[in-house]
Amino acid sequence: MSTTAVRTRGRVRRGAGLGLVAWLAGIVFFLPVAWMALTSFHSEEDAATNPPSFTAALTLDGYREFFGAGGASPWPSLINSTVASVASVLLVLLLALPAAYALSVRPVKRWTDVLFFFLSTKMLPVVAGLLPIYLFAKNTGMLDNIWLLVLLYTSMNLPIAVWMMHSFLSEIPVAVIEAARIDGARLPTVLARVVAPMALPGIAATALICFIFSWNELLFARVLTGVVAETAPVFLTGFITSQGLFLAKVCAASLVVSLPVLAAGFAAQDRLVQGLSLGAVK
């Protein structure tokens with residue numbers, strides 16, 4: 001057998017092995033979600049059995065409880081989460097794009113130190129800044145205000161957004177930007193009509209990750225909101241009680257709250273893969 005054939009067969013075997021590992025990893029990550037979805041369609045008595053009963057009768061009681069049959073409606077909380085997440089993502093992109101441009105296409109002095117400073121802000125435990133932020137919100141009358149969450153989520157996601165978009169914008173040919181500037185385009189025009197379209201996959205990936213972080217945030221929303229600005233994760237915790245059975249209702253609520261993130265990820269999966277793979281192959 002020739003050397004080329006041996007190498008080809010080796011590559012095929014390695015590819016098959018990696019494919020099998022990927023499928024196994026996907027199944028491992030999918031099984032808890034599938035179990036949660038199945039449990040959400042069971043009654044509380046069947047959901048509490050150990051081991052879980054996969055042949056139990058299906059019911060929509062958990063979803064009826066979530067959508068207000070037994071108490072408060074989830075729609076205000078879902079709307080608050082949508083407003084806080086979408087508004088913060090838009091602000092993050094508006095601020096991160098020119099910052100990443102200044103650090104990649106037009107690098108400032110000691111730009112590596114600037115990037116490290118951005119990253120260092122994520123090293124502080126979130127709970128360490130909770131009390132000062134709470135006192136600030138209380139003294140300024142911003143408690144239970146959705147726009148406080150928008151500002152917090154923007155500040156929390158901005159460092160990671162600048163880091164991600166810096167790597168994406170570094171792949172844009174400088175000659176294209178120089179040509180636009182020679183034609184008389186000013187910085188806002190360059191960012192809007194040259195940089196943004198070329199970095200669209202990276203921008204989509206950054207926006208999706210920031211949206212996920214904002215949508216899933218619980219600690220600040222739990223402490224700084226009450227009734228008016230309550231978000232979906234906070235509403236979800238209300239189904240956990242010290243008495244009675246609640247597993248089916250929690251699974252139903254978790255599945256519904258996860259749907260916007262899953263839908264956004266599915267809709268932007270092509271852009272996400274393109275954005276996260278930029279610069280991976282030279």
# chains A, B, ... in the order shown; residues from 1 in each chain; ligands from 1
call {"tool": "select_by_dssp", "arguments": {"residues": "segment 171-235 of chain A", "states": "helix (DSSP H, G or I)", "output": "PyMOL selection string"}}
result
chain A and resi 174-182+187-198+200-216+219-224+232-235
call {"tool": "residues_around", "arguments": {"residues": "segment 36-42 of chain A", "least_positions_apart": "4", "cutoff": "7 Å", "atoms": "only C-alpha atoms", "output": "PDB file with N, CA and C atoms, in the first residue's frame"}}
result
ATOM      1  N   PRO A  32     -29.677  16.605  29.255  1.00  0.00           N
ATOM      2  CA  PRO A  32     -30.372  17.367  30.317  1.00  0.00           C
ATOM      3  C   PRO A  32     -31.501  18.237  29.786  1.00  0.00           C
ATOM      4  N   ASP A  46     -45.687  12.755  38.953  1.00  0.00           N
ATOM      5  CA  ASP A  46     -44.830  11.947  38.078  1.00  0.00           C
ATOM      6  C   ASP A  46     -43.437  12.543  37.963  1.00  0.00           C
ATOM      7  N   ALA A  47     -43.326  13.870  37.978  1.00  0.00           N
ATOM      8  CA  ALA A  47     -42.015  14.509  37.864  1.00  0.00           C
ATOM      9  C   ALA A  47     -41.166  14.269  39.095  1.00  0.00           C
ATOM     10  N   ALA A  56     -44.912   8.217  31.801  1.00  0.00           N
ATOM     11  CA  ALA A  56     -46.029   8.833  32.511  1.00  0.00           C
ATOM     12  C   ALA A  56     -46.882   9.641  31.539  1.00  0.00           C
ATOM     13  N   ALA A  57     -48.120   9.859  31.941  1.00  0.00           N
ATOM     14  CA  ALA A  57     -49.049  10.631  31.105  1.00  0.00           C
ATOM     15  C   ALA A  57     -48.555  12.073  30.955  1.00  0.00           C
ATOM     16  N   LEU A  58     -48.787  12.645  29.778  1.00  0.00           N
ATOM     17  CA  LEU A  58     -48.349  14.005  29.502  1.00  0.00           C
ATOM     18  C   LEU A  58     -49.465  14.997  29.806  1.00  0.00           C
ATOM     19  N   THR A  59     -49.069  16.161  30.259  1.00  0.00           N
ATOM     20  CA  THR A  59     -50.036  17.198  30.601  1.00  0.00           C
ATOM     21  C   THR A  59     -49.398  18.570  30.390  1.00  0.00           C
ATOM     22  N   LEU A  60     -50.245  19.572  30.237  1.00  0.00           N
ATOM     23  CA  LEU A  60     -49.784  20.948  30.058  1.00  0.00           C
ATOM     24  C   LEU A  60     -49.978  21.784  31.319  1.00  0.00           C
ATOM     25  N   GLY A  62     -48.029  22.327  33.821  1.00  0.00           N
ATOM     26  CA  GLY A  62     -46.873  23.153  34.140  1.00  0.00           C
ATOM     27  C   GLY A  62     -46.846  24.445  33.349  1.00  0.00           C
ATOM     28  N   ALA A 248     -42.047  20.145  37.894  1.00  0.00           N
ATOM     29  CA  ALA A 248     -42.632  20.260  36.556  1.00  0.00           C
ATOM     30  C   ALA A 248     -42.834  21.723  36.174  1.00  0.00           C
ATOM     31  N   LYS A 249     -43.318  22.536  37.116  1.00  0.00           N
ATOM     32  CA  LYS A 249     -43.511  23.961  36.816  1.00  0.00           C
ATOM     33  C   LYS A 249     -42.184  24.646  36.536  1.00  0.00           C
ATOM     34  N   CYS A 251     -39.437  23.256  35.344  1.00  0.00           N
ATOM     35  CA  CYS A 251     -38.951  22.800  34.028  1.00  0.00           C
ATOM     36  C   CYS A 251     -39.705  23.500  32.907  1.00  0.00           C
ATOM     37  N   ALA A 252     -41.013  23.655  33.046  1.00  0.00           N
ATOM     38  CA  ALA A 252     -41.792  24.357  32.024  1.00  0.00           C
ATOM     39  C   ALA A 252     -41.361  25.815  31.928  1.00  0.00           C
ATOM     40  N   LEU A 255     -37.894  26.097  30.314  1.00  0.00           N
ATOM     41  CA  LEU A 255     -37.927  25.876  28.871  1.00  0.00           C
ATOM     42  C   LEU A 255     -38.443  27.102  28.136  1.00  0.00           C
TER      43      LEU A 255
END
call {"tool": "closest_residue", "arguments": {"among": "A:Ser167, A:Ser85, A:Thr154, A:Asn50", "to": "Ile203 of chain A", "atoms": "only C-alpha atoms"}}
result
A:Ser167
call {"tool": "residues_around", "arguments": {"residues": "Asn216 of chain A", "least_positions_apart": "4", "cutoff": "10 Å", "atoms": "only C-alpha atoms", "output": "ChimeraX atom specification"}}
result
/A:81,85,211-212,221,231-234,257-258,261
call {"tool": "write_last_selection", "arguments": {"atoms": "N, CA, C and O atoms", "output": "PDB file, in the first residue's frame"}}
result
ATOM      1  N   SER A  81     -37.079  41.558  30.398  1.00  0.00           N
ATOM      2  CA  SER A  81     -35.842  40.898  29.976  1.00  0.00           C
ATOM      3  C   SER A  81     -35.497  41.248  28.537  1.00  0.00           C
ATOM      4  O   SER A  81     -34.334  41.465  28.197  1.00  0.00           O
ATOM      5  N   SER A  85     -32.145  43.294  27.638  1.00  0.00           N
ATOM      6  CA  SER A  85     -31.140  42.592  26.838  1.00  0.00           C
ATOM      7  C   SER A  85     -30.894  43.282  25.502  1.00  0.00           C
ATOM      8  O   SER A  85     -29.746  43.526  25.123  1.00  0.00           O
ATOM      9  N   PHE A 211     -26.198  39.166  24.320  1.00  0.00           N
ATOM     10  CA  PHE A 211     -27.622  38.949  24.564  1.00  0.00           C
ATOM     11  C   PHE A 211     -27.830  37.792  25.533  1.00  0.00           C
ATOM     12  O   PHE A 211     -28.671  37.871  26.453  1.00  0.00           O
ATOM     13  N   ILE A 212     -27.083  36.713  25.356  1.00  0.00           N
ATOM     14  CA  ILE A 212     -27.212  35.562  26.249  1.00  0.00           C
ATOM     15  C   ILE A 212     -26.822  35.934  27.671  1.00  0.00           C
ATOM     16  O   ILE A 212     -27.517  35.595  28.645  1.00  0.00           O
ATOM     17  N   ALA A 221     -30.462  41.513  38.907  1.00  0.00           N
ATOM     18  CA  ALA A 221     -31.911  41.630  38.725  1.00  0.00           C
ATOM     19  C   ALA A 221     -32.657  41.214  39.984  1.00  0.00           C
ATOM     20  O   ALA A 221     -33.691  41.798  40.330  1.00  0.00           O
ATOM     21  N   THR A 231     -37.277  40.678  35.982  1.00  0.00           N
ATOM     22  CA  THR A 231     -36.921  40.009  34.733  1.00  0.00           C
ATOM     23  C   THR A 231     -37.357  38.547  34.769  1.00  0.00           C
ATOM     24  O   THR A 231     -37.775  38.027  35.813  1.00  0.00           O
ATOM     25  N   ALA A 232     -37.214  37.876  33.626  1.00  0.00           N
ATOM     26  CA  ALA A 232     -37.678  36.501  33.515  1.00  0.00           C
ATOM     27  C   ALA A 232     -36.946  35.541  34.463  1.00  0.00           C
ATOM     28  O   ALA A 232     -37.599  34.683  35.076  1.00  0.00           O
ATOM     29  N   PRO A 233     -35.610  35.604  34.601  1.00  0.00           N
ATOM     30  CA  PRO A 233     -34.960  34.702  35.564  1.00  0.00           C
ATOM     31  C   PRO A 233     -35.453  34.893  36.991  1.00  0.00           C
ATOM     32  O   PRO A 233     -35.584  33.926  37.744  1.00  0.00           O
ATOM     33  N   VAL A 234     -35.722  36.146  37.382  1.00  0.00           N
ATOM     34  CA  VAL A 234     -36.246  36.399  38.723  1.00  0.00           C
ATOM     35  C   VAL A 234     -37.654  35.819  38.851  1.00  0.00           C
ATOM     36  O   VAL A 234     -38.002  35.212  39.879  1.00  0.00           O
ATOM     37  N   VAL A 257     -38.406  30.266  29.213  1.00  0.00           N
ATOM     38  CA  VAL A 257     -37.442  31.358  29.358  1.00  0.00           C
ATOM     39  C   VAL A 257     -36.225  31.134  28.470  1.00  0.00           C
ATOM     40  O   VAL A 257     -35.597  32.093  28.007  1.00  0.00           O
ATOM     41  N   SER A 258     -35.889  29.881  28.202  1.00  0.00           N
ATOM     42  CA  SER A 258     -34.725  29.578  27.357  1.00  0.00           C
ATOM     43  C   SER A 258     -35.022  29.721  25.868  1.00  0.00           C
ATOM     44  O   SER A 258     -34.079  29.829  25.065  1.00  0.00           O
ATOM     45  N   VAL A 261     -33.366  32.683  23.781  1.00  0.00           N
ATOM     46  CA  VAL A 261     -31.935  32.485  23.556  1.00  0.00           C
ATOM     47  C   VAL A 261     -31.701  31.409  22.508  1.00  0.00           C
ATOM     48  O   VAL A 261     -30.853  31.555  21.615  1.00  0.00           O
TER      49      VAL A 261
END
call {"tool": "closest_residue", "arguments": {"among": "A:Ala204, A:Leu262, A:Leu97, A:Val195", "to": "Ile177 of chain A", "atoms": "only C-alpha atoms"}}
result
A:Val195
call {"tool": "closest_atom_pairs", "arguments": {"of": "segment 144-187 of chain A", "to": "segment 135-139 of chain A", "cutoff": "12 Å", "atoms": "only C-alpha atoms", "output": "Markdown table"}}
result
| residue | atom | partner | partner_atom | distance |
| --- | --- | --- | --- | --- |
| A:Asp144 | CA | A:Ala137 | CA | 8.8 |
| A:Asn145 | CA | A:Ala137 | CA | 9.0 |
| A:Ile146 | CA | A:Ala137 | CA | 11.6 |
| A:Trp147 | CA | A:Ala137 | CA | 11.0 |
| A:Leu148 | CA | A:Ala137 | CA | 7.8 |
| A:Leu149 | CA | A:Ala137 | CA | 10.4 |
| A:Leu151 | CA | A:Ala137 | CA | 11.5 |
| A:Leu152 | CA | A:Ala137 | CA | 11.0 |
call {"tool": "closest_residue", "arguments": {"among": "A:Met165, A:Ala253, A:Val21, A:Val83", "to": "Thr237 of chain A", "atoms": "only C-alpha atoms"}}
result
A:Ala253
call {"tool": "closest_residue", "arguments": {"among": "A:Phe117, A:Tyr101, A:Phe266, A:Phe239", "to": "Phe66 of chain A", "atoms": "only C-alpha atoms"}}
result
A:Phe239
call {"tool": "residues_around", "arguments": {"residues": "Leu130 of chain A", "least_positions_apart": "3", "cutoff": "9 Å", "atoms": "only C-alpha atoms", "output": "ChimeraX atom specification"}}
result
/A:126-127,133-135,219-220,223
call {"tool": "residues_around", "arguments": {"residues": "Phe213 of chain A", "least_positions_apart": "5", "cutoff": "10 Å", "atoms": "only C-alpha atoms", "output": "list of chain:residue names"}}
result
A:Ser85, A:Val89, A:Tyr153, A:Met156, A:Asn157, A:Ala207, A:Leu208, A:Leu218, A:Val261
call {"tool": "atom_distance", "arguments": {"atom1": "atom CA of Glu171 of chain A", "atom2": "atom CA of Leu200 of chain A"}}
result
12.1 Å
call {"tool": "residues_around", "arguments": {"residues": "Thr112 of chain A", "least_positions_apart": "6", "cutoff": "12 Å", "atoms": "only C-alpha atoms", "output": "PyMOL selection string"}}
result
chain A and resi 100+102-104+118-119+163+166
call {"tool": "atom_distance", "arguments": {"atom1": "atom CA of Pro98 of chain A", "atom2": "atom CA of Gly129 of chain A"}}
result
27.2 Å
call {"tool": "decode", "arguments": {"residues": "segment 159-179 of chain A", "atoms": "N, CA, C and O atoms", "output": "compact mmCIF listing (two decimals), in the first residue's frame"}}
result
# COMPACT_ATOMS: atom_id res chain seq x y z
N PRO A 159 -16.54 45.02 28.12
CA PRO A 159 -15.16 44.53 28.00
C PRO A 159 -15.03 43.32 27.09
O PRO A 159 -14.14 43.29 26.22
N ILE A 160 -15.90 42.33 27.25
CA ILE A 160 -15.79 41.14 26.41
C ILE A 160 -16.13 41.47 24.97
O ILE A 160 -15.56 40.90 24.03
N ALA A 161 -17.04 42.43 24.75
CA ALA A 161 -17.38 42.82 23.39
C ALA A 161 -16.20 43.50 22.71
O ALA A 161 -15.92 43.25 21.53
N VAL A 162 -15.50 44.37 23.42
CA VAL A 162 -14.33 45.03 22.84
C VAL A 162 -13.26 44.01 22.51
O VAL A 162 -12.62 44.06 21.45
N TRP A 163 -13.04 43.05 23.39
CA TRP A 163 -12.05 42.00 23.12
C TRP A 163 -12.42 41.20 21.88
O TRP A 163 -11.57 40.94 21.02
N MET A 164 -13.66 40.78 21.79
CA MET A 164 -14.07 39.98 20.64
C MET A 164 -13.98 40.78 19.35
O MET A 164 -13.41 40.31 18.35
N MET A 165 -14.49 42.00 19.34
CA MET A 165 -14.52 42.78 18.12
C MET A 165 -13.13 43.26 17.73
O MET A 165 -12.86 43.49 16.55
N HIS A 166 -12.23 43.38 18.70
CA HIS A 166 -10.85 43.71 18.36
C HIS A 166 -10.24 42.62 17.48
O HIS A 166 -9.56 42.91 16.48
N SER A 167 -10.48 41.35 17.84
CA SER A 167 -9.94 40.25 17.03
C SER A 167 -10.60 40.19 15.66
O SER A 167 -9.94 39.86 14.66
N PHE A 168 -11.88 40.55 15.57
CA PHE A 168 -12.57 40.52 14.28
C PHE A 168 -12.09 41.65 13.38
O PHE A 168 -11.83 41.46 12.19
N LEU A 169 -11.97 42.85 13.94
CA LEU A 169 -11.58 44.00 13.14
C LEU A 169 -10.12 43.93 12.72
O LEU A 169 -9.72 44.56 11.73
N SER A 170 -9.31 43.16 13.44
CA SER A 170 -7.91 43.01 13.05
C SER A 170 -7.77 42.27 11.73
O SER A 170 -6.71 42.36 11.07
N GLU A 171 -8.82 41.54 11.32
CA GLU A 171 -8.78 40.81 10.05
C GLU A 171 -9.16 41.67 8.85
O GLU A 171 -9.02 41.23 7.71
N ILE A 172 -9.65 42.89 9.09
CA ILE A 172 -10.04 43.76 7.98
C ILE A 172 -8.80 44.37 7.35
O ILE A 172 -7.95 44.93 8.06
N PRO A 173 -8.63 44.27 6.02
CA PRO A 173 -7.46 44.87 5.37
C PRO A 173 -7.43 46.38 5.57
O PRO A 173 -8.42 47.08 5.31
N VAL A 174 -6.30 46.86 6.03
CA VAL A 174 -6.17 48.30 6.27
C VAL A 174 -6.27 49.08 4.96
O VAL A 174 -6.73 50.22 4.94
N ALA A 175 -5.86 48.45 3.84
CA ALA A 175 -5.90 49.14 2.55
C ALA A 175 -7.32 49.55 2.17
O ALA A 175 -7.53 50.61 1.56
N VAL A 176 -8.31 48.73 2.54
CA VAL A 176 -9.70 49.07 2.23
C VAL A 176 -10.12 50.33 2.99
O VAL A 176 -10.77 51.23 2.45
N ILE A 177 -9.74 50.40 4.24
CA ILE A 177 -10.09 51.57 5.05
C ILE A 177 -9.35 52.80 4.55
O ILE A 177 -9.92 53.90 4.48
N GLU A 178 -8.10 52.63 4.19
CA GLU A 178 -7.33 53.76 3.66
C GLU A 178 -7.93 54.27 2.36
O GLU A 178 -7.98 55.49 2.13
N ALA A 179 -8.41 53.37 1.53
CA ALA A 179 -9.04 53.79 0.28
C ALA A 179 -10.30 54.61 0.55
O ALA A 179 -10.56 55.61 -0.13
